[in-house]
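*Asks:* Please find one structure pasted underneath; my questions will follow.
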Amino acid sequence: MEANNLISVVILTKNEEQDLPACLDALISWCDDIIILDSGSTDQTLAIAAQYHTSVHFRPFDSFGAQRNYALNNLPIRHEWVLFLDADEVVTPQFLQAMQNATEQSSQDIVGFYCCWKMILEGRWLKRCDNFPKWQFRLLRKGRASFIDFGHGQKEGEFDGKIRYIKEPYLHYGFSKGWSHWIERHNKYSTLEAQSRLQNTDSFTKIWKVGSSSKRNIILRSKLSKLPGWPFLRFFQAYILNLGFMEGKQGFIYCVNMAYYEFLIKIKMRELLLKQRTRQTGGTSSIHKKIDK
């Protein structure tokens, strides 16, 4: 692949020695500006980054949106276009070509692109189980757009133009560190997600008025998670209605764990509401009331 001098790549890392080599291997043949923003790795992440001659910088992690905004505002990014990756994501030749075509052909009013991924588990693409395509704002013109936090992730913040879509996916190995790591991480994520879903007060009618699928999904998740039995419905939708059962054992395991994740979000939403009511009434939460015999 020929070098593309228009795109810089920023990778957020913390203890990514397992995934970082594959991520970097897919970049070094075409990108001459790879920037690592590390948040305190104690394994071989930084040594691996040095082997690939990347530019390494440090900032304690507080949120994905804040990390990416810090990179945009403070790091020596060379090029007009910036692609944000996580260490467990891999750019394919097809995604690279689609990205190059999109950036080279963009008029000045285009400030960025939503991108999607192929979720990979044990070598299988979970197309049906993961509701492909899922869109994230990952590619943007430097100085023309920013991020804001939502749940455990981020979405587009302020921008002064139009955002388009790159339909060719990259690869996402979200389970590469094993299920114990995934469950521990998503237990933390579920707290942030519960807070964000409760804070979203948009009505269902607004779903059809917003301009992007990413914004529609935010409203939809906030509403659906309040339904009785939502974790089971999430499993039924992905595994049965979306034909996730056709993706074998990997599909079943993924759907079960995503339903568990939604269950964590739902009970944490309930917990937050109970605490909120207790503060409003000045009384004792129902979970602490003495049981009458």
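Each chain of the structure tokens is named A, B, ... in the order shown, its residues numbered from 1; ligands are numbered from 1 in display order.
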Using backbone DSSP assignments, extract all alpha helix (DSSP H) residues from stretch 95-251 of chain A; output them as an MDAnalysis selection string.
*Replies:* chainID A and resid 95:104 179:199 213:224 230:236 248:251
*Asks:* Just N, CA and C atoms for this one: save the residues we selected as a short mmCIF file (atom, residue, chain, number, x, y, z; two decimals), in the first residue's frame.
*Replies:*
data_model
loop_
_atom_site.label_atom_id
_atom_site.label_comp_id
_atom_site.auth_asym_id
_atom_site.auth_seq_id
_atom_site.Cartn_x
_atom_site.Cartn_y
_atom_site.Cartn_z
N PHE A 95 -10.83 -1.13 4.08
CA PHE A 95 -11.20 0.07 4.83
C PHE A 95 -10.25 1.22 4.49
N LEU A 96 -8.96 0.93 4.36
CA LEU A 96 -7.99 1.96 3.99
C LEU A 96 -8.36 2.60 2.66
N GLN A 97 -8.68 1.77 1.68
CA GLN A 97 -9.03 2.30 0.36
C GLN A 97 -10.28 3.16 0.43
N ALA A 98 -11.29 2.70 1.17
CA ALA A 98 -12.52 3.47 1.31
C ALA A 98 -12.26 4.79 2.03
N MET A 99 -11.39 4.76 3.03
CA MET A 99 -11.06 5.97 3.78
C MET A 99 -10.28 6.96 2.92
N GLN A 100 -9.33 6.47 2.15
CA GLN A 100 -8.57 7.34 1.25
C GLN A 100 -9.47 7.97 0.21
N ASN A 101 -10.36 7.16 -0.37
CA ASN A 101 -11.28 7.70 -1.38
C ASN A 101 -12.17 8.78 -0.76
N ALA A 102 -12.66 8.52 0.44
CA ALA A 102 -13.58 9.46 1.08
C ALA A 102 -12.90 10.78 1.40
N THR A 103 -11.68 10.73 1.95
CA THR A 103 -10.99 11.97 2.32
C THR A 103 -10.52 12.74 1.10
N GLU A 104 -10.04 12.04 0.09
CA GLU A 104 -9.53 12.72 -1.11
C GLU A 104 -10.65 13.39 -1.91
N TRP A 179 -12.79 -13.36 28.43
CA TRP A 179 -14.08 -12.95 28.96
C TRP A 179 -13.97 -12.34 30.35
N SER A 180 -13.01 -12.76 31.15
CA SER A 180 -12.86 -12.16 32.49
C SER A 180 -12.58 -10.68 32.37
N HIS A 181 -11.70 -10.32 31.45
CA HIS A 181 -11.38 -8.92 31.22
C HIS A 181 -12.59 -8.18 30.67
N TRP A 182 -13.31 -8.79 29.74
CA TRP A 182 -14.49 -8.17 29.15
C TRP A 182 -15.54 -7.89 30.19
N ILE A 183 -15.81 -8.87 31.06
CA ILE A 183 -16.84 -8.72 32.09
C ILE A 183 -16.44 -7.65 33.10
N GLU A 184 -15.19 -7.64 33.52
CA GLU A 184 -14.72 -6.62 34.45
C GLU A 184 -14.86 -5.22 33.85
N ARG A 185 -14.47 -5.08 32.60
CA ARG A 185 -14.55 -3.78 31.92
C ARG A 185 -16.00 -3.33 31.75
N HIS A 186 -16.87 -4.27 31.37
CA HIS A 186 -18.26 -3.89 31.12
C HIS A 186 -19.05 -3.68 32.40
N ASN A 187 -18.58 -4.21 33.50
CA ASN A 187 -19.20 -3.86 34.78
C ASN A 187 -19.00 -2.37 35.06
N LYS A 188 -17.81 -1.86 34.75
CA LYS A 188 -17.55 -0.43 34.90
C LYS A 188 -18.33 0.39 33.87
N TYR A 189 -18.34 -0.10 32.64
CA TYR A 189 -19.05 0.60 31.58
C TYR A 189 -20.54 0.72 31.89
N SER A 190 -21.12 -0.31 32.49
CA SER A 190 -22.56 -0.31 32.74
C SER A 190 -22.97 0.80 33.69
N THR A 191 -22.10 1.18 34.60
CA THR A 191 -22.41 2.29 35.51
C THR A 191 -22.53 3.59 34.73
N LEU A 192 -21.57 3.86 33.86
CA LEU A 192 -21.61 5.07 33.04
C LEU A 192 -22.79 5.06 32.09
N GLU A 193 -23.07 3.90 31.54
CA GLU A 193 -24.18 3.78 30.59
C GLU A 193 -25.52 4.02 31.29
N ALA A 194 -25.66 3.50 32.50
CA ALA A 194 -26.90 3.71 33.26
C ALA A 194 -27.12 5.19 33.53
N GLN A 195 -26.08 5.89 33.91
CA GLN A 195 -26.18 7.32 34.17
C GLN A 195 -26.60 8.08 32.92
N SER A 196 -25.98 7.76 31.78
CA SER A 196 -26.28 8.47 30.55
C SER A 196 -27.69 8.20 30.06
N ARG A 197 -28.14 6.95 30.19
CA ARG A 197 -29.49 6.61 29.71
C ARG A 197 -30.56 7.30 30.57
N LEU A 198 -30.32 7.42 31.86
CA LEU A 198 -31.28 8.11 32.71
C LEU A 198 -31.31 9.60 32.42
N GLN A 199 -30.18 10.16 32.05
CA GLN A 199 -30.10 11.59 31.78
C GLN A 199 -30.75 11.96 30.45
N SER A 213 -27.73 8.16 12.62
CA SER A 213 -28.12 6.93 13.29
C SER A 213 -27.50 6.81 14.66
N SER A 214 -26.31 7.38 14.86
CA SER A 214 -25.67 7.31 16.18
C SER A 214 -26.51 8.04 17.22
N LYS A 215 -27.07 9.20 16.86
CA LYS A 215 -27.93 9.94 17.78
C LYS A 215 -29.25 9.22 17.99
N ARG A 216 -29.77 8.61 16.93
CA ARG A 216 -31.02 7.85 17.08
C ARG A 216 -30.83 6.68 18.03
N ASN A 217 -29.69 6.01 17.92
CA ASN A 217 -29.43 4.85 18.78
C ASN A 217 -29.33 5.25 20.25
N ILE A 218 -28.81 6.44 20.52
CA ILE A 218 -28.71 6.91 21.90
C ILE A 218 -30.10 7.04 22.51
N ILE A 219 -31.02 7.65 21.76
CA ILE A 219 -32.40 7.81 22.25
C ILE A 219 -33.06 6.45 22.39
N LEU A 220 -32.87 5.59 21.38
CA LEU A 220 -33.51 4.29 21.37
C LEU A 220 -33.06 3.44 22.55
N ARG A 221 -31.75 3.41 22.81
CA ARG A 221 -31.25 2.62 23.94
C ARG A 221 -31.81 3.13 25.26
N SER A 222 -31.88 4.45 25.40
CA SER A 222 -32.39 5.03 26.65
C SER A 222 -33.84 4.61 26.90
N LYS A 223 -34.63 4.55 25.83
CA LYS A 223 -36.04 4.18 25.99
C LYS A 223 -36.22 2.67 26.17
N LEU A 224 -35.55 1.88 25.35
CA LEU A 224 -35.73 0.44 25.41
C LEU A 224 -35.26 -0.15 26.73
N TRP A 230 -36.21 -6.08 29.44
CA TRP A 230 -35.38 -5.64 28.33
C TRP A 230 -34.15 -6.53 28.10
N PRO A 231 -33.42 -6.98 29.12
CA PRO A 231 -32.25 -7.84 28.82
C PRO A 231 -32.63 -9.09 28.01
N PHE A 232 -33.77 -9.72 28.38
CA PHE A 232 -34.22 -10.88 27.59
C PHE A 232 -34.60 -10.47 26.18
N LEU A 233 -35.30 -9.34 26.05
CA LEU A 233 -35.69 -8.86 24.73
C LEU A 233 -34.46 -8.57 23.87
N ARG A 234 -33.41 -8.04 24.48
CA ARG A 234 -32.15 -7.79 23.75
C ARG A 234 -31.57 -9.09 23.22
N PHE A 235 -31.58 -10.15 24.05
CA PHE A 235 -31.11 -11.46 23.61
C PHE A 235 -31.99 -11.99 22.48
N PHE A 236 -33.31 -11.89 22.65
CA PHE A 236 -34.24 -12.43 21.65
C PHE A 236 -34.08 -11.71 20.32
N GLY A 248 -23.24 -19.69 15.33
CA GLY A 248 -22.66 -20.76 16.13
C GLY A 248 -22.53 -20.46 17.60
N LYS A 249 -21.59 -21.17 18.24
CA LYS A 249 -21.36 -21.00 19.66
C LYS A 249 -20.93 -19.58 19.99
N GLN A 250 -20.14 -19.01 19.10
CA GLN A 250 -19.67 -17.64 19.33
C GLN A 250 -20.85 -16.67 19.42
N GLY A 251 -21.82 -16.85 18.53
CA GLY A 251 -22.99 -15.99 18.55
C GLY A 251 -23.80 -16.14 19.82
#
*Asks:* Compile the contact shell of A:His172 as a PyMOL selection string: residues with an atom at most 8 Å away, counting only C-alpha atoms, same-chain residues fewer than 2 positions apart removed.
*Replies:* chain A and resi 88-90+117-120+170+174
*Asks:* Excluding A:Cys31 and residues on its chain fewer than 4 positions from it, collect all residues at most 12 Å away from it, counting only C-alpha atoms, and give them as a PyMOL selection string.
*Replies:* chain A and resi 1-10+24-27+35+52-54+78-79+81-83+91+96+100
*Asks:* List the neighbours of A:Leu140 out to 12 Å using only C-alpha atoms; skip same-chain residues closer than 3 positions along the sequence, and give me the result as JSON, numbers by chain.
*Replies:* {"A": [6, 7, 8, 9, 10, 68, 69, 72, 79, 80, 81, 82, 83, 84, 99, 102, 103, 106, 108, 109, 110, 111, 112, 113, 114, 115, 136, 137, 143, 144, 145, 146, 147, 156, 157, 158, 159, 160, 161, 162, 163, 164, 165, 166]}
*Asks:* Write to file, as a CSV table (one decimal), in the first residue's frame, the residues of the selection just made, with N, CA and C atoms.
*Replies:*
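This is the output file result_10.csv:
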chain,number,residue,atom,x,y,z
A,6,LEU,N,-2.1,12.3,4.1
A,6,LEU,CA,-3.2,13.1,4.5
A,6,LEU,C,-3.8,12.7,5.8
A,7,ILE,N,-3.5,11.5,6.3
A,7,ILE,CA,-4.2,10.9,7.4
A,7,ILE,C,-3.2,10.6,8.6
A,8,SER,N,-3.4,11.2,9.7
A,8,SER,CA,-2.7,10.8,11.0
A,8,SER,C,-3.6,9.8,11.7
A,9,VAL,N,-3.0,9.0,12.5
A,9,VAL,CA,-3.7,8.0,13.3
A,9,VAL,C,-3.4,8.2,14.8
A,10,VAL,N,-4.4,8.3,15.6
A,10,VAL,CA,-4.2,8.4,17.1
A,10,VAL,C,-4.8,7.1,17.7
A,68,ARG,N,-9.6,12.0,23.5
A,68,ARG,CA,-9.5,12.3,22.1
A,68,ARG,C,-9.5,13.8,21.8
A,69,ASN,N,-10.2,14.5,22.6
A,69,ASN,CA,-10.2,16.0,22.5
A,69,ASN,C,-8.8,16.5,22.9
A,72,LEU,N,-6.5,16.0,20.0
A,72,LEU,CA,-6.8,17.0,18.9
A,72,LEU,C,-6.2,18.4,19.3
A,79,HIS,N,-1.3,15.9,10.0
A,79,HIS,CA,-2.1,15.9,8.8
A,79,HIS,C,-3.5,16.5,9.1
A,80,GLU,N,-4.1,16.8,8.0
A,80,GLU,CA,-5.5,17.4,8.0
A,80,GLU,C,-6.5,16.4,8.6
A,81,TRP,N,-6.4,15.1,8.2
A,81,TRP,CA,-7.4,14.1,8.6
A,81,TRP,C,-6.8,13.3,9.8
A,82,VAL,N,-7.7,13.0,10.7
A,82,VAL,CA,-7.2,12.2,11.9
A,82,VAL,C,-8.2,11.0,12.1
A,83,LEU,N,-7.6,9.8,12.1
A,83,LEU,CA,-8.3,8.6,12.4
A,83,LEU,C,-8.0,8.2,13.8
A,84,PHE,N,-9.1,8.0,14.6
A,84,PHE,CA,-8.9,7.5,16.0
A,84,PHE,C,-9.2,6.0,16.1
A,99,MET,N,-11.4,4.8,3.0
A,99,MET,CA,-11.1,6.0,3.8
A,99,MET,C,-10.3,7.0,2.9
A,102,ALA,N,-12.7,8.5,0.4
A,102,ALA,CA,-13.6,9.5,1.1
A,102,ALA,C,-12.9,10.8,1.4
A,103,THR,N,-11.7,10.7,1.9
A,103,THR,CA,-11.0,12.0,2.3
A,103,THR,C,-10.5,12.7,1.1
A,106,SER,N,-13.5,14.6,-0.6
A,106,SER,CA,-14.4,15.4,0.3
A,106,SER,C,-14.3,16.9,0.0
A,108,GLN,N,-14.9,20.9,1.2
A,108,GLN,CA,-14.5,21.5,2.5
A,108,GLN,C,-15.6,21.5,3.5
A,109,ASP,N,-16.8,21.3,3.1
A,109,ASP,CA,-17.9,21.3,4.1
A,109,ASP,C,-18.1,19.9,4.8
A,110,ILE,N,-17.3,18.9,4.4
A,110,ILE,CA,-17.3,17.6,5.0
A,110,ILE,C,-16.2,17.6,6.1
A,111,VAL,N,-16.7,17.5,7.4
A,111,VAL,CA,-15.7,17.6,8.5
A,111,VAL,C,-15.4,16.2,9.1
A,112,GLY,N,-16.1,15.2,8.7
A,112,GLY,CA,-15.7,13.9,9.3
A,112,GLY,C,-16.6,12.8,8.8
A,113,PHE,N,-16.3,11.6,9.3
A,113,PHE,CA,-17.1,10.4,8.9
A,113,PHE,C,-17.4,9.4,10.1
A,114,TYR,N,-18.6,8.9,10.0
A,114,TYR,CA,-18.9,7.8,10.9
A,114,TYR,C,-18.3,6.5,10.3
A,115,CYS,N,-17.7,5.7,11.1
A,115,CYS,CA,-17.1,4.4,10.7
A,115,CYS,C,-17.8,3.3,11.4
A,136,GLN,N,-19.7,4.8,14.7
A,136,GLN,CA,-19.0,5.7,15.6
A,136,GLN,C,-18.2,6.8,14.8
A,137,PHE,N,-18.2,8.0,15.4
A,137,PHE,CA,-17.5,9.1,14.8
A,137,PHE,C,-16.0,8.9,15.1
A,143,GLY,N,-9.4,20.3,13.8
A,143,GLY,CA,-9.9,21.7,14.0
A,143,GLY,C,-11.3,22.0,13.6
A,144,ARG,N,-12.0,20.9,13.0
A,144,ARG,CA,-13.3,21.1,12.5
A,144,ARG,C,-14.4,20.4,13.4
A,145,ALA,N,-14.0,19.5,14.3
A,145,ALA,CA,-15.0,18.8,15.0
A,145,ALA,C,-14.3,18.3,16.4
A,146,SER,N,-15.2,17.9,17.3
A,146,SER,CA,-14.7,17.4,18.6
A,146,SER,C,-15.6,16.3,19.1
A,147,PHE,N,-15.3,15.8,20.3
A,147,PHE,CA,-16.1,14.7,20.9
A,147,PHE,C,-16.7,15.2,22.2
A,156,GLU,N,-19.9,12.4,18.5
A,156,GLU,CA,-19.5,13.7,18.0
A,156,GLU,C,-20.0,14.8,18.8
A,157,GLY,N,-19.2,15.9,19.0
A,157,GLY,CA,-19.6,17.0,19.8
A,157,GLY,C,-19.9,18.2,18.8
A,158,GLU,N,-19.2,19.3,19.0
A,158,GLU,CA,-19.3,20.5,18.1
A,158,GLU,C,-18.7,20.2,16.8
A,159,PHE,N,-19.3,20.5,15.7
A,159,PHE,CA,-18.7,20.4,14.4
A,159,PHE,C,-19.3,21.5,13.4
A,160,ASP,N,-18.5,21.9,12.5
A,160,ASP,CA,-19.0,23.0,11.6
A,160,ASP,C,-19.1,22.6,10.2
A,161,GLY,N,-19.8,21.6,9.9
A,161,GLY,CA,-20.0,21.1,8.6
A,161,GLY,C,-20.9,19.9,8.6
A,162,LYS,N,-20.6,19.0,7.6
A,162,LYS,CA,-21.4,17.8,7.5
A,162,LYS,C,-20.6,16.5,7.8
A,163,ILE,N,-21.2,15.5,8.3
A,163,ILE,CA,-20.6,14.2,8.6
A,163,ILE,C,-21.2,13.2,7.7
A,164,ARG,N,-20.4,12.4,7.0
A,164,ARG,CA,-20.8,11.4,6.1
A,164,ARG,C,-20.4,10.0,6.7
A,165,TYR,N,-20.6,8.9,5.9
A,165,TYR,CA,-20.4,7.6,6.4
A,165,TYR,C,-19.4,6.9,5.5
A,166,ILE,N,-18.5,6.1,6.1
A,166,ILE,CA,-17.7,5.1,5.4
A,166,ILE,C,-18.3,3.7,5.7
*Asks:* Find the distance between atom CA of A:Leu272 and atom CA of A:Tyr254 and write it in Å to one decimal.
*Replies:*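 Between these atoms lies a distance of 27.0 Å.
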*Asks:* May I ask for the distance between atom CA of A:Lys14 and atom CA of A:Asn74, given in Å to one decimal place?
*Replies:*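 Separating atom CA of A:Lys14 from atom CA of A:Asn74 is a distance of 19.1 Å.
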*Asks:* Quote the spacing between atom CA of A:Asn15 and atom CA of A:Ala87 in Å to one decimal place.
*Replies:*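 Straight-line distance from atom CA of A:Asn15 to atom CA of A:Ala87 works out to 9.6 Å.
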*Asks:* Tell me, which residues of stretch 65-154 of chain A carry DSSP strand (DSSP E or B), written as a PyMOL selection string?
*Replies:* chain A and resi 81-86+89-90+110-115+117-121+124-125+136-141+145-150+153-154
*Asks:* Just want the 9 Å neighbourhood of A:Arg128, counted on only C-alpha atoms, with same-chain residues fewer than 3 positions away dropped. Output as a list of chain:residue names.
*Replies:*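 Those residues are A:Trp125, A:Asn131, A:Phe132, A:Ala238, A:Tyr239, A:Asn242, A:Leu243, A:Gly244, A:Phe245, A:Met246, A:Glu247, A:Gly251.
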*Asks:* Could you check the closest approach to A:Leu37 for each of A:Arg124, A:Lys134, A:Arg59, A:Lys155 and tell me which residue wins, using only C-alpha atoms?
*Replies:*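 Of A:Arg124, A:Lys134, A:Arg59, A:Lys155, the one nearest A:Leu37 is A:Arg59, counting only C-alpha atoms.
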